[in-house]
>>> print(open('my_file.pdb').read())   # PDB, C-alpha atoms (C1' of nucleotides)
ATOM      1  CA  MET Z 896      21.901  -1.697 -13.741
ATOM      2  CA  VAL Z 897      19.260   0.884 -14.538
ATOM      3  CA  ALA Z 898      17.134  -0.276 -17.435
ATOM      4  CA  LYS Z 899      18.332  -3.859 -17.494
ATOM      5  CA  LEU Z 900      15.389  -6.255 -17.363
ATOM      6  CA  PRO Z 901      13.515  -3.519 -15.634
ATOM      7  CA  ILE Z 902       9.930  -3.716 -16.664
ATOM      8  CA  LYS Z 903       9.164  -7.348 -16.104
ATOM      9  CA  ILE Z 904      10.939  -7.521 -12.779
ATOM     10  CA  HIS Z 905       9.271  -4.542 -11.217
ATOM     11  CA  GLN Z 906       5.852  -5.305 -12.542
ATOM     12  CA  ARG Z 907       6.106  -8.769 -11.104
ATOM     13  CA  THR Z 908       7.316  -7.394  -7.798
ATOM     14  CA  ARG Z 909       4.240  -5.181  -7.700
ATOM     15  CA  SER Z 910       1.722  -7.862  -8.578
ATOM     16  CA  ASP Z 911       3.352 -10.186  -6.055
ATOM     17  CA  HIS Z 912       2.713  -7.593  -3.425
ATOM     18  CA  ALA Z 913      -0.968  -7.579  -4.172
ATOM     19  CA  SER Z 914      -1.367 -11.217  -3.231
ATOM     20  CA  GLU Z 915       0.971 -11.471  -0.246
ATOM     21  CA  VAL Z 916      -1.665 -10.553   2.269
ATOM     22  CA  ALA Z 917      -4.118 -12.923   0.623
ATOM     23  CA  GLU Z 918      -1.635 -15.780   0.890
ATOM     24  CA  ASP Z 919      -0.843 -15.032   4.522
ATOM     25  CA  TYR Z 920      -4.535 -14.902   5.353
ATOM     26  CA  VAL Z 921      -5.615 -18.104   3.663
ATOM     27  CA  GLU Z 922      -2.661 -19.857   5.268
ATOM     28  CA  ALA Z 923      -3.687 -18.596   8.702
ATOM     29  CA  ILE Z 924      -7.329 -19.455   8.077
ATOM     30  CA  ALA Z 925      -6.420 -22.999   7.020
ATOM     31  CA  ASP Z 926      -4.273 -23.391  10.138
ATOM     32  CA  ALA Z 927      -7.058 -22.180  12.402
ATOM     33  CA  ILE Z 928      -9.585 -24.520  10.813
ATOM     34  CA  GLU Z 929      -7.170 -27.412  11.150
ATOM     35  CA  GLN Z 930      -6.387 -26.690  14.772
ATOM     36  CA  ARG Z 931      -9.702 -25.483  16.133
ATOM     37  CA  GLY Z 932     -12.285 -26.691  13.651
ATOM     38  CA  VAL Z 933     -13.334 -23.208  12.556
ATOM     39  CA  CYS Z 934     -11.701 -19.872  11.906
ATOM     40  CA  ARG Z 935     -13.193 -16.823  13.572
ATOM     41  CA  ALA Z 936     -12.107 -13.281  12.778
ATOM     42  CA  VAL Z 937     -10.670 -12.972  16.255
ATOM     43  CA  ASP Z 938      -8.180 -15.749  15.459
ATOM     44  CA  LEU Z 939      -6.827 -13.614  12.636
ATOM     45  CA  VAL Z 940      -6.824 -10.521  14.852
ATOM     46  CA  LYS Z 941      -4.522 -12.362  17.245
ATOM     47  CA  HIS Z 942      -2.409 -13.993  14.562
ATOM     48  CA  PHE Z 943      -1.612 -10.824  12.637
ATOM     49  CA  ALA Z 944      -1.758  -8.430  15.571
ATOM     50  CA  VAL Z 945      -4.069  -6.062  13.729
ATOM     51  CA  THR Z 946      -7.491  -4.727  14.674
ATOM     52  CA  HIS Z 947     -10.848  -6.302  14.089
ATOM     53  CA  ALA Z 948     -11.656  -3.605  11.572
ATOM     54  CA  THR Z 949      -8.611  -4.436   9.494
ATOM     55  CA  VAL Z 950      -9.402  -8.131   9.516
ATOM     56  CA  ASN Z 951     -12.914  -7.335   8.365
ATOM     57  CA  ASN Z 952     -11.692  -5.246   5.462
ATOM     58  CA  THR Z 953      -9.278  -7.906   4.388
ATOM     59  CA  ILE Z 954     -11.833 -10.699   4.602
ATOM     60  CA  LYS Z 955     -14.128  -8.653   2.396
ATOM     61  CA  ARG Z 956     -11.410  -8.431  -0.220
ATOM     62  CA  LEU Z 957     -10.741 -12.152   0.029
ATOM     63  CA  GLU Z 958     -14.439 -12.835  -0.422
ATOM     64  CA  ARG Z 959     -14.605 -10.488  -3.398
ATOM     65  CA  ASP Z 960     -11.639 -12.390  -4.876
ATOM     66  CA  GLY Z 961     -13.300 -15.764  -4.393
ATOM     67  CA  LEU Z 962     -10.963 -17.151  -1.752
ATOM     68  CA  VAL Z 963     -13.324 -17.285   1.240
ATOM     69  CA  THR Z 964     -17.000 -17.217   2.070
ATOM     70  CA  THR Z 965     -18.536 -15.543   5.115
ATOM     71  CA  ALA Z 966     -21.846 -14.592   6.621
ATOM     72  CA  PRO Z 967     -22.324 -12.007   9.361
ATOM     73  CA  TYR Z 968     -21.214 -13.310  12.772
ATOM     74  CA  GLN Z 969     -20.266 -16.634  11.221
ATOM     75  CA  PRO Z 970     -16.836 -18.265  10.920
ATOM     76  CA  VAL Z 971     -14.759 -17.781   7.785
ATOM     77  CA  GLU Z 972     -14.761 -20.656   5.297
ATOM     78  CA  LEU Z 973     -12.257 -21.275   2.542
ATOM     79  CA  THR Z 974     -13.463 -21.845  -1.006
ATOM     80  CA  SER Z 975     -11.748 -24.538  -2.998
ATOM     81  CA  ALA Z 976      -9.589 -21.836  -4.595
ATOM     82  CA  GLY Z 977      -8.749 -20.616  -1.093
ATOM     83  CA  ARG Z 978      -7.812 -24.101   0.046
ATOM     84  CA  ARG Z 979      -5.636 -24.571  -3.002
ATOM     85  CA  LEU Z 980      -3.829 -21.280  -2.408
ATOM     86  CA  ALA Z 981      -3.426 -22.066   1.287
ATOM     87  CA  SER Z 982      -1.814 -25.436   0.802
ATOM     88  CA  GLN Z 983       0.448 -24.133  -1.927
ATOM     89  CA  SER Z 984       1.531 -21.208   0.264
ATOM     90  CA  ARG Z 985       2.091 -23.437   3.226
ATOM     91  CA  ARG Z 986       4.237 -25.837   1.243
ATOM     92  CA  ARG Z 987       6.350 -22.975  -0.082
ATOM     93  CA  HIS Z 988       6.666 -21.568   3.415
ATOM     94  CA  GLU Z 989       7.752 -24.907   4.847
ATOM     95  CA  VAL Z 990      10.370 -25.482   2.185
ATOM     96  CA  VAL Z 991      11.853 -22.006   2.613
ATOM     97  CA  GLU Z 992      11.935 -22.271   6.395
ATOM     98  CA  ALA Z 993      13.516 -25.729   6.354
ATOM     99  CA  PHE Z 994      16.038 -24.587   3.783
ATOM    100  CA  LEU Z 995      17.096 -21.616   5.904
ATOM    101  CA  LYS Z 996      17.558 -23.878   8.907
ATOM    102  CA  LYS Z 997      19.653 -26.222   6.828
ATOM    103  CA  LEU Z 998      21.681 -23.195   5.742
ATOM    104  CA  GLY Z 999      22.559 -22.812   9.393
ATOM    105  CA  VAL Z1000      20.496 -19.880  10.608
ATOM    106  CA  SER Z1001      18.728 -20.037  13.966
ATOM    107  CA  ASP Z1002      15.160 -21.324  14.234
ATOM    108  CA  GLN Z1003      14.033 -17.840  15.214
ATOM    109  CA  THR Z1004      15.604 -16.211  12.176
ATOM    110  CA  ALA Z1005      14.391 -18.960   9.850
ATOM    111  CA  ALA Z1006      10.846 -18.392  11.104
ATOM    112  CA  VAL Z1007      11.003 -14.626  10.645
ATOM    113  CA  ASP Z1008      12.854 -14.501   7.324
ATOM    114  CA  SER Z1009      10.802 -17.252   5.710
ATOM    115  CA  GLU Z1010       7.651 -15.190   6.331
ATOM    116  CA  GLY Z1011       9.033 -12.405   4.191
ATOM    117  CA  ILE Z1012      10.898 -14.460   1.632
ATOM    118  CA  GLU Z1013       8.273 -17.064   0.756
ATOM    119  CA  HIS Z1014       6.249 -14.699  -1.388
ATOM    120  CA  HIS Z1015       9.165 -13.950  -3.692
ATOM    121  CA  VAL Z1016      10.424 -17.450  -4.357
ATOM    122  CA  SER Z1017       9.736 -18.664  -7.880
ATOM    123  CA  LYS Z1018       8.958 -22.250  -8.809
ATOM    124  CA  GLU Z1019      12.516 -22.692 -10.011
ATOM    125  CA  THR Z1020      14.130 -21.423  -6.812
ATOM    126  CA  LEU Z1021      11.709 -23.423  -4.699
ATOM    127  CA  ALA Z1022      12.661 -26.540  -6.633
ATOM    128  CA  ALA Z1023      16.346 -25.804  -6.048
ATOM    129  CA  MET Z1024      15.734 -25.499  -2.298
ATOM    130  CA  LYS Z1025      13.669 -28.678  -2.299
ATOM    131  CA  ARG Z1026      16.483 -30.495  -4.074
ATOM    132  CA  VAL Z1027      18.901 -29.487  -1.327
ATOM    133  CA  LEU Z1028      16.510 -30.697   1.363
ATOM    134  CA  ASP Z1029      16.005 -34.024  -0.425
ATOM    135  CA  ARG Z1030      19.454 -34.745  -1.748
ATOM    136  CA  GLY Z1031      21.906 -32.471   0.054
ATOM    137  CA  TRP Z1032      24.080 -29.616  -1.165
ATOM    138  CA  PRO Z1033      25.192 -29.280  -4.787
ATOM    139  CA  GLN Z1034      28.477 -30.861  -5.950
TER
ATOM    140  CA  MET T 453       0.596 -21.961  13.671
ATOM    141  CA  VAL T 454      -1.869 -19.204  14.500
ATOM    142  CA  ALA T 455      -0.614 -17.186  17.432
ATOM    143  CA  LYS T 456       2.905 -18.582  17.454
ATOM    144  CA  LEU T 457       5.476 -15.765  17.411
ATOM    145  CA  PRO T 458       2.836 -13.708  15.702
ATOM    146  CA  ILE T 459       3.261 -10.152  16.731
ATOM    147  CA  LYS T 460       6.923  -9.586  16.160
ATOM    148  CA  ILE T 461       7.009 -11.373  12.830
ATOM    149  CA  HIS T 462       4.125  -9.563  11.250
ATOM    150  CA  GLN T 463       5.043  -6.170  12.592
ATOM    151  CA  ARG T 464       8.488  -6.588  11.135
ATOM    152  CA  THR T 465       7.043  -7.705   7.828
ATOM    153  CA  ARG T 466       5.000  -4.513   7.750
ATOM    154  CA  SER T 467       7.822  -2.143   8.633
ATOM    155  CA  ASP T 468      10.041  -3.861   6.078
ATOM    156  CA  HIS T 469       7.459  -3.076   3.462
ATOM    157  CA  ALA T 470       7.647   0.595   4.200
ATOM    158  CA  SER T 471      11.293   0.817   3.227
ATOM    159  CA  GLU T 472      11.411  -1.510   0.241
ATOM    160  CA  VAL T 473      10.613   1.169  -2.272
ATOM    161  CA  ALA T 474      13.114   3.507  -0.644
ATOM    162  CA  GLU T 475      15.836   0.888  -0.932
ATOM    163  CA  ASP T 476      15.034   0.137  -4.552
ATOM    164  CA  TYR T 477      15.074   3.833  -5.388
ATOM    165  CA  VAL T 478      18.367   4.756  -3.714
ATOM    166  CA  GLU T 479      19.937   1.718  -5.328
ATOM    167  CA  ALA T 480      18.703   2.796  -8.759
ATOM    168  CA  ILE T 481      19.762   6.398  -8.132
ATOM    169  CA  ALA T 482      23.254   5.300  -7.112
ATOM    170  CA  ASP T 483      23.513   3.137 -10.225
ATOM    171  CA  ALA T 484      22.433   5.983 -12.491
ATOM    172  CA  ILE T 485      24.913   8.389 -10.928
ATOM    173  CA  GLU T 486      27.664   5.830 -11.290
ATOM    174  CA  GLN T 487      26.869   5.085 -14.903
ATOM    175  CA  ARG T 488      25.834   8.451 -16.266
ATOM    176  CA  GLY T 489      27.182  10.969 -13.789
ATOM    177  CA  VAL T 490      23.777  12.207 -12.676
ATOM    178  CA  CYS T 491      20.357  10.749 -11.970
ATOM    179  CA  ARG T 492      17.377  12.412 -13.613
ATOM    180  CA  ALA T 493      13.781  11.520 -12.797
ATOM    181  CA  VAL T 494      13.373  10.108 -16.281
ATOM    182  CA  ASP T 495      16.021   7.477 -15.497
ATOM    183  CA  LEU T 496      13.845   6.224 -12.660
ATOM    184  CA  VAL T 497      10.734   6.390 -14.836
ATOM    185  CA  LYS T 498      12.434   4.002 -17.246
ATOM    186  CA  HIS T 499      13.983   1.796 -14.591
ATOM    187  CA  PHE T 500      10.804   1.151 -12.634
ATOM    188  CA  ALA T 501       8.400   1.436 -15.547
ATOM    189  CA  VAL T 502       6.149   3.855 -13.674
ATOM    190  CA  THR T 503       4.969   7.346 -14.615
ATOM    191  CA  HIS T 504       6.727  10.616 -14.037
ATOM    192  CA  ALA T 505       4.109  11.560 -11.492
ATOM    193  CA  THR T 506       4.799   8.464  -9.426
ATOM    194  CA  VAL T 507       8.539   9.060  -9.480
ATOM    195  CA  ASN T 508       7.939  12.610  -8.314
ATOM    196  CA  ASN T 509       5.810  11.488  -5.389
ATOM    197  CA  THR T 510       8.350   8.931  -4.345
ATOM    198  CA  ILE T 511      11.263  11.346  -4.592
ATOM    199  CA  LYS T 512       9.352  13.743  -2.349
ATOM    200  CA  ARG T 513       9.017  11.006   0.255
ATOM    201  CA  LEU T 514      12.688  10.156  -0.028
ATOM    202  CA  GLU T 515      13.555  13.810   0.436
ATOM    203  CA  ARG T 516      11.245  14.064   3.435
ATOM    204  CA  ASP T 517      13.011  11.031   4.881
ATOM    205  CA  GLY T 518      16.464  12.520   4.370
ATOM    206  CA  LEU T 519      17.704  10.127   1.708
ATOM    207  CA  VAL T 520      17.949  12.478  -1.279
ATOM    208  CA  THR T 521      18.056  16.173  -2.112
ATOM    209  CA  THR T 522      16.457  17.791  -5.144
ATOM    210  CA  ALA T 523      15.675  21.167  -6.647
ATOM    211  CA  PRO T 524      13.124  21.813  -9.385
ATOM    212  CA  TYR T 525      14.345  20.643 -12.792
ATOM    213  CA  GLN T 526      17.625  19.489 -11.256
ATOM    214  CA  PRO T 527      19.048  15.969 -10.978
ATOM    215  CA  VAL T 528      18.474  13.916  -7.839
ATOM    216  CA  GLU T 529      21.363  13.759  -5.372
ATOM    217  CA  LEU T 530      21.861  11.212  -2.611
ATOM    218  CA  THR T 531      22.520  12.380   0.919
ATOM    219  CA  SER T 532      25.145  10.525   2.918
ATOM    220  CA  ALA T 533      22.338   8.523   4.527
ATOM    221  CA  GLY T 534      21.056   7.760   1.034
ATOM    222  CA  ARG T 535      24.470   6.629  -0.118
ATOM    223  CA  ARG T 536      24.830   4.431   2.929
ATOM    224  CA  LEU T 537      21.460   2.800   2.355
ATOM    225  CA  ALA T 538      22.210   2.366  -1.348
ATOM    226  CA  SER T 539      25.499   0.590  -0.869
ATOM    227  CA  GLN T 540      24.104  -1.595   1.875
ATOM    228  CA  SER T 541      21.111  -2.531  -0.303
ATOM    229  CA  ARG T 542      23.295  -3.213  -3.262
ATOM    230  CA  ARG T 543      25.595  -5.460  -1.276
ATOM    231  CA  ARG T 544      22.639  -7.416   0.060
ATOM    232  CA  HIS T 545      21.208  -7.679  -3.431
ATOM    233  CA  GLU T 546      24.494  -8.915  -4.861
ATOM    234  CA  VAL T 547      24.951 -11.556  -2.189
ATOM    235  CA  VAL T 548      21.415 -12.873  -2.606
ATOM    236  CA  GLU T 549      21.680 -12.978  -6.394
ATOM    237  CA  ALA T 550      25.068 -14.708  -6.345
ATOM    238  CA  PHE T 551      23.807 -17.178  -3.774
ATOM    239  CA  LEU T 552      20.797 -18.102  -5.885
ATOM    240  CA  LYS T 553      23.038 -18.673  -8.890
ATOM    241  CA  LYS T 554      25.273 -20.873  -6.803
ATOM    242  CA  LEU T 555      22.153 -22.765  -5.715
ATOM    243  CA  GLY T 556      21.731 -23.632  -9.366
ATOM    244  CA  VAL T 557      18.899 -21.421 -10.591
ATOM    245  CA  SER T 558      19.129 -19.655 -13.948
ATOM    246  CA  ASP T 559      20.571 -16.143 -14.231
ATOM    247  CA  GLN T 560      17.132 -14.863 -15.204
ATOM    248  CA  THR T 561      15.452 -16.357 -12.170
ATOM    249  CA  ALA T 562      18.247 -15.268  -9.852
ATOM    250  CA  ALA T 563      17.845 -11.703 -11.112
ATOM    251  CA  VAL T 564      14.081 -11.684 -10.647
ATOM    252  CA  ASP T 565      13.875 -13.531  -7.321
ATOM    253  CA  SER T 566      16.720 -11.594  -5.713
ATOM    254  CA  GLU T 567      14.800  -8.365  -6.338
ATOM    255  CA  GLY T 568      11.958  -9.608  -4.191
ATOM    256  CA  ILE T 569      13.922 -11.563  -1.638
ATOM    257  CA  GLU T 570      16.642  -9.048  -0.764
ATOM    258  CA  HIS T 571      14.380  -6.920   1.378
ATOM    259  CA  HIS T 572      13.496  -9.794   3.681
ATOM    260  CA  VAL T 573      16.931 -11.228   4.353
ATOM    261  CA  SER T 574      18.170 -10.600   7.887
ATOM    262  CA  LYS T 575      21.797  -9.991   8.829
ATOM    263  CA  GLU T 576      22.066 -13.553  10.025
ATOM    264  CA  THR T 577      20.722 -15.105   6.829
ATOM    265  CA  LEU T 578      22.837 -12.781   4.721
ATOM    266  CA  ALA T 579      25.918 -13.875   6.654
ATOM    267  CA  ALA T 580      25.012 -17.520   6.064
ATOM    268  CA  MET T 581      24.727 -16.894   2.314
ATOM    269  CA  LYS T 582      28.000 -14.984   2.317
ATOM    270  CA  ARG T 583      29.686 -17.857   4.097
ATOM    271  CA  VAL T 584      28.574 -20.245   1.356
ATOM    272  CA  LEU T 585      29.905 -17.916  -1.346
ATOM    273  CA  ASP T 586      33.230 -17.565   0.445
ATOM    274  CA  ARG T 587      33.790 -21.039   1.787
ATOM    275  CA  GLY T 588      31.397 -23.380  -0.014
ATOM    276  CA  TRP T 589      28.469 -25.419   1.192
ATOM    277  CA  PRO T 590      28.066 -26.475   4.835
ATOM    278  CA  GLN T 591      29.575 -29.772   6.067
TER
ATOM    279  C1'  DG C 867     -34.336 -15.048  31.205
ATOM    280  C1'  DC C 868     -31.225 -11.269  31.424
ATOM    281  C1'  DC C 869     -27.229  -8.989  31.030
ATOM    282  C1'  DC C 870     -22.460  -8.151  30.144
ATOM    283  C1'  DA C 871     -18.268  -9.014  27.865
ATOM    284  C1'  DA C 872     -16.358 -10.553  23.820
ATOM    285  C1'  DA C 873     -16.980 -10.714  18.934
ATOM    286  C1'  DG C 874     -18.245  -8.470  14.900
ATOM    287  C1'  DT C 875     -19.657  -4.440  12.098
ATOM    288  C1'  DT C 876     -19.606   0.160  10.202
ATOM    289  C1'  DA C 877     -18.055   4.769   9.284
ATOM    290  C1'  DG C 878     -14.466   7.580   8.634
ATOM    291  C1'  DC C 879      -9.636   8.683   8.806
ATOM    292  C1'  DC C 880      -4.558   8.156   7.121
ATOM    293  C1'  DA C 881      -0.090   6.948   4.274
ATOM    294  C1'  DT C 882       1.754   4.467   0.466
ATOM    295  C1'  DG C 883       2.260   3.951  -4.132
ATOM    296  C1'  DG C 884       0.002   3.659  -8.275
ATOM    297  C1'  DC C 885      -2.555   6.358 -12.238
ATOM    298  C1'  DT C 886      -4.312  10.335 -15.827
ATOM    299  C1'  DA C 887      -4.698  14.921 -17.352
ATOM    300  C1'  DA C 888      -3.226  19.368 -17.790
ATOM    301  C1'  DC C 889       0.062  22.317 -17.150
ATOM    302  C1'  DT C 890       5.062  24.590 -17.081
ATOM    303  C1'  DC C 891       9.948  24.670 -17.996
ATOM    304  C1'  DC C 892      14.076  24.276 -20.722
ATOM    305  C1'  DG C 893      17.347  23.523 -24.256
ATOM    306  C1'  DG C 894      18.636  22.349 -29.053
ATOM    307  C1'  DG C 895      17.760  22.869 -33.972
ATOM    308  C1'  DT C 896      16.307  25.603 -37.514
TER
ATOM    309  C1'  DA B  98      15.108  34.371 -31.775
ATOM    310  C1'  DC B  99      11.766  31.096 -31.375
ATOM    311  C1'  DC B 100       9.531  27.216 -30.863
ATOM    312  C1'  DC B 101       8.746  22.423 -30.048
ATOM    313  C1'  DG B 102       9.293  18.159 -27.796
ATOM    314  C1'  DG B 103      10.904  15.951 -23.872
ATOM    315  C1'  DA B 104      11.360  16.590 -18.911
ATOM    316  C1'  DG B 105       9.261  17.974 -14.821
ATOM    317  C1'  DT B 106       5.348  19.522 -11.968
ATOM    318  C1'  DT B 107       0.776  19.692  -9.982
ATOM    319  C1'  DA B 108      -3.888  18.394  -9.011
ATOM    320  C1'  DG B 109      -6.889  14.946  -8.349
ATOM    321  C1'  DC B 110      -8.261  10.192  -8.518
ATOM    322  C1'  DC B 111      -7.971   5.079  -6.897
ATOM    323  C1'  DA B 112      -6.946   0.524  -4.152
ATOM    324  C1'  DT B 113      -4.532  -1.494  -0.371
ATOM    325  C1'  DG B 114      -3.994  -2.083   4.211
ATOM    326  C1'  DG B 115      -3.540   0.109   8.371
ATOM    327  C1'  DC B 116      -6.084   2.782  12.389
ATOM    328  C1'  DT B 117      -9.921   4.696  16.038
ATOM    329  C1'  DA B 118     -14.464   5.282  17.610
ATOM    330  C1'  DA B 119     -19.047   4.034  18.039
ATOM    331  C1'  DC B 120     -22.183   0.843  17.398
ATOM    332  C1'  DT B 121     -24.692  -4.011  17.273
ATOM    333  C1'  DT B 122     -24.904  -8.900  17.898
ATOM    334  C1'  DT B 123     -24.188 -13.077  20.270
ATOM    335  C1'  DG B 124     -23.804 -16.277  23.698
ATOM    336  C1'  DG B 125     -22.493 -17.962  28.420
ATOM    337  C1'  DG B 126     -22.937 -17.339  33.441
ATOM    338  C1'  DC B 127     -25.631 -15.989  36.965
TER
END
>>> encode(input="my_file.pdb", output="structure tokens")
Amino acid sequence: MVAKLPIKIHQRTRSDHASEVAEDYVEAIADAIEQRGVCRAVDLVKHFAVTHATVNNTIKRLERDGLVTTAPYQPVELTSAGRRLASQSRRRHEVVEAFLKKLGVSDQTAAVDSEGIEHHVSKETLAAMKRVLDRGWPQ
Amino acid sequence: MVAKLPIKIHQRTRSDHASEVAEDYVEAIADAIEQRGVCRAVDLVKHFAVTHATVNNTIKRLERDGLVTTAPYQPVELTSAGRRLASQSRRRHEVVEAFLKKLGVSDQTAAVDSEGIEHHVSKETLAAMKRVLDRGWPQ
DNA sequence: GCCCAAAGTTAGCCATGGCTAACTCCGGGT
DNA sequence: ACCCGGAGTTAGCCATGGCTAACTTTGGGC
């Protein structure tokens, strides 16, 4: 298998990586805003079980990348790009999780595995999962 | 969704990350040994499309972690732990890829997506996919 | 109105996994 | 025999995403 389709696959795997944290964060920020009106850094601290310092670093990167806006001691806001990414990530997440449940795995496992898997599911695979949810198994 | 099952999920996602590269490497090393008798660093350079220096760093980590043995200017050997991890990773990879094909996605997409997904598939989800391959779709 | 705890910030550290540049080693062809 | 190019090594850099420690800000309860 060495040197079969290697370059494109691994470069994509790497660039995917770069945006996984961003996707998780905007998703969590959108959830917090929806549920509590605003998103404070401490919400993210609790959600991801990391320190305040880490959340701060990450938010700075998100701001640099145009996904959120912040001001000192103020809640985090999503830009329109951030909102777009959030809703797209959430949809992907929901489809993957529902698909795993339909596959027959426990709710617990579906919740855990979908967190990891969602970032690696292409449009085509997502569509295939969606098809199963809408119209049942192939054949 | 913030603060629902948060800690365990995200800590697992992080520790998974740590071993993804290791799994990819032992898998590639096992493949090279199988196909060409030995695995040289240059095989990994080509496979992952990274530089020699990066391969060297990674091999040092793998050696530190007891997965491979090396000597200067000699091929890379897998330890028994390395072989175990390689065959387990390969099996997981094969099941995921075959499952995606059965789901109806193209061979190309199945190859690419399985690379990313394999590292996040739990025993339970893997078993569910295996069941579909062996005995067809649920119901 | 003050004061304390919670929230946020900042500085500085670490490992991972990338890179370039400059070097050394080794083996095959002339 | 040598020498040259490909393979391997080493040093040093960078971004990401973690951390601790020390600090400041903010706001709610007394």
>>> residues_around(input="my_file.pdb", residues="DC111 of chain B", least_positions_apart="4", cutoff="12 Å", atoms="all atoms listed in the file", output="ChimeraX atom specification")
/C:883-886
>>> closest_atom_pairs(input="my_file.pdb", of="chain B", to="chain T", cutoff="10 Å", atoms="all atoms listed in the file", output="JSON lines")
{"residue": "B:DG103", "atom": "C1'", "partner": "T:Val494", "partner_atom": "CA", "distance": 9.9}
{"residue": "B:DA104", "atom": "C1'", "partner": "T:Val494", "partner_atom": "CA", "distance": 7.3}
{"residue": "B:DG105", "atom": "C1'", "partner": "T:Tyr525", "partner_atom": "CA", "distance": 6.1}
{"residue": "B:DT106", "atom": "C1'", "partner": "T:Ala505", "partner_atom": "CA", "distance": 8.1}
{"residue": "B:DT107", "atom": "C1'", "partner": "T:Ala505", "partner_atom": "CA", "distance": 8.9}
{"residue": "B:DG114", "atom": "C1'", "partner": "T:Arg466", "partner_atom": "CA", "distance": 10.0}
{"residue": "B:DG115", "atom": "C1'", "partner": "T:Arg466", "partner_atom": "CA", "distance": 9.7}
>>> atom_distance(input="my_file.pdb", atom1="atom CA of Leu519 of chain T", atom2="atom CA of Ala484 of chain T")
15.5 Å
>>> atom_distance(input="my_file.pdb", atom1="atom CA of Gln591 of chain T", atom2="atom CA of Arg985 of chain Z")
28.3 Å
>>> closest_residue(input="my_file.pdb", among="Z:Val1007, Z:Ala1022, Z:Val945, Z:Ala925", to="chain T", atoms="all atoms listed in the file")
Z:Val1007
>>> atom_distance(input="my_file.pdb", atom1="atom CA of Leu578 of chain T", atom2="atom CA of Ala981 of chain Z")
28.1 Å
>>> closest_residue(input="my_file.pdb", among="T:His499, T:Arg587, T:Leu537, T:Pro527", to="chain Z", atoms="only C-alpha atoms")
T:His499
>>> resolve_selection(input="my_file.pdb", expression="the PyMOL selection byres ((chain C and resi 888) around 9)", output="JSON, numbers by chain")
{"C": [887, 889], "B": [107, 108]}
>>> residues_near_point(input="my_file.pdb", point="(-26.2, -15.5, 21.9)", cutoff="12 Å", atoms="only C-alpha atoms (C1' of nucleotides)", output="list in words")
Tyr968 of chain Z; DC868, DC869, DC870, DA871, DA872 and DA873 of chain C; DT122, DT123, DG124 and DG125 of chain B
>>> resolve_selection(input="my_file.pdb", expression="the PyMOL selection byres ((chain C) within 9 of (chain Z))", output="PDB file with C-alpha atoms (C1' of nucleotides), keeping the file's coordinate frame")
ATOM      1  C1'  DA C 873     -16.980 -10.714  18.934  1.00  0.00           C
ATOM      2  C1'  DG C 874     -18.245  -8.470  14.900  1.00  0.00           C
ATOM      3  C1'  DT C 875     -19.657  -4.440  12.098  1.00  0.00           C
ATOM      4  C1'  DT C 876     -19.606   0.160  10.202  1.00  0.00           C
TER       5       DT C 876
END
>>> closest_residue(input="my_file.pdb", among="T:Asn509, T:Ser541, T:Ser558, T:Thr522", to="chain Z", atoms="only C-alpha atoms")
T:Ser558
>>> residues_around(input="my_file.pdb", residues="Thr1020 of chain Z", least_positions_apart="3", cutoff="10 Å", atoms="all atoms listed in the file", output="list in words")
Val991, His1015, Val1016, Ser1017, Ala1023, Met1024, Lys1025 and Arg1026 of chain Z; Leu552, Lys553, Leu555, Gly556, Val557, Ser558, Thr561, Ala562 and Asp565 of chain T
>>> residues_around(input="my_file.pdb", residues="segment 473-477 of chain T", least_positions_apart="6", cutoff="12 Å", atoms="all atoms listed in the file", output="VMD selection string")
(chain Z and resid 896 to 897 901 904 to 905 908 to 909 912) or (chain T and resid 467 483 to 484 491 493 495 to 497 499 to 500 506 to 520 528 to 530 533 to 545 566 to 568 570 to 572) or (chain C and resid 882 to 883)
>>> closest_residue(input="my_file.pdb", among="T:Thr503, T:Thr521, T:Thr531, T:Gln487", to="chain Z", atoms="only C-alpha atoms")
T:Gln487
>>> axis_aligned_box(input="my_file.pdb", around="segment 111-122 of chain B", padding_each_side="6 Å", output="JSON")
{"center_x": -14.2, "center_y": -1.8, "center_z": 5.6, "size_x": 33.4, "size_y": 26.2, "size_z": 36.9}
>>> decode(input="my_file.pdb", residues="segment 574-580 of chain T", atoms="N, CA and C atoms", output="short mmCIF file (atom, residue, chain, number, x, y, z; two decimals), in the first residue's frame")
data_model
loop_
_atom_site.label_atom_id
_atom_site.label_comp_id
_atom_site.auth_asym_id
_atom_site.auth_seq_id
_atom_site.Cartn_x
_atom_site.Cartn_y
_atom_site.Cartn_z
N SER T 574 -14.51 3.07 17.49
CA SER T 574 -14.38 2.23 18.69
C SER T 574 -14.60 0.76 18.33
N LYS T 575 -14.25 -0.10 19.28
CA LYS T 575 -14.49 -1.54 19.13
C LYS T 575 -15.94 -1.81 18.77
N GLU T 576 -16.83 -1.13 19.47
CA GLU T 576 -18.25 -1.40 19.25
C GLU T 576 -18.68 -1.03 17.83
N THR T 577 -18.26 0.14 17.37
CA THR T 577 -18.63 0.57 16.02
C THR T 577 -17.98 -0.33 14.98
N LEU T 578 -16.74 -0.70 15.23
CA LEU T 578 -16.05 -1.59 14.30
C LEU T 578 -16.80 -2.91 14.18
N ALA T 579 -17.25 -3.42 15.33
CA ALA T 579 -18.00 -4.69 15.32
C ALA T 579 -19.29 -4.55 14.52
N ALA T 580 -19.94 -3.38 14.65
CA ALA T 580 -21.18 -3.16 13.91
C ALA T 580 -20.91 -3.14 12.41
#
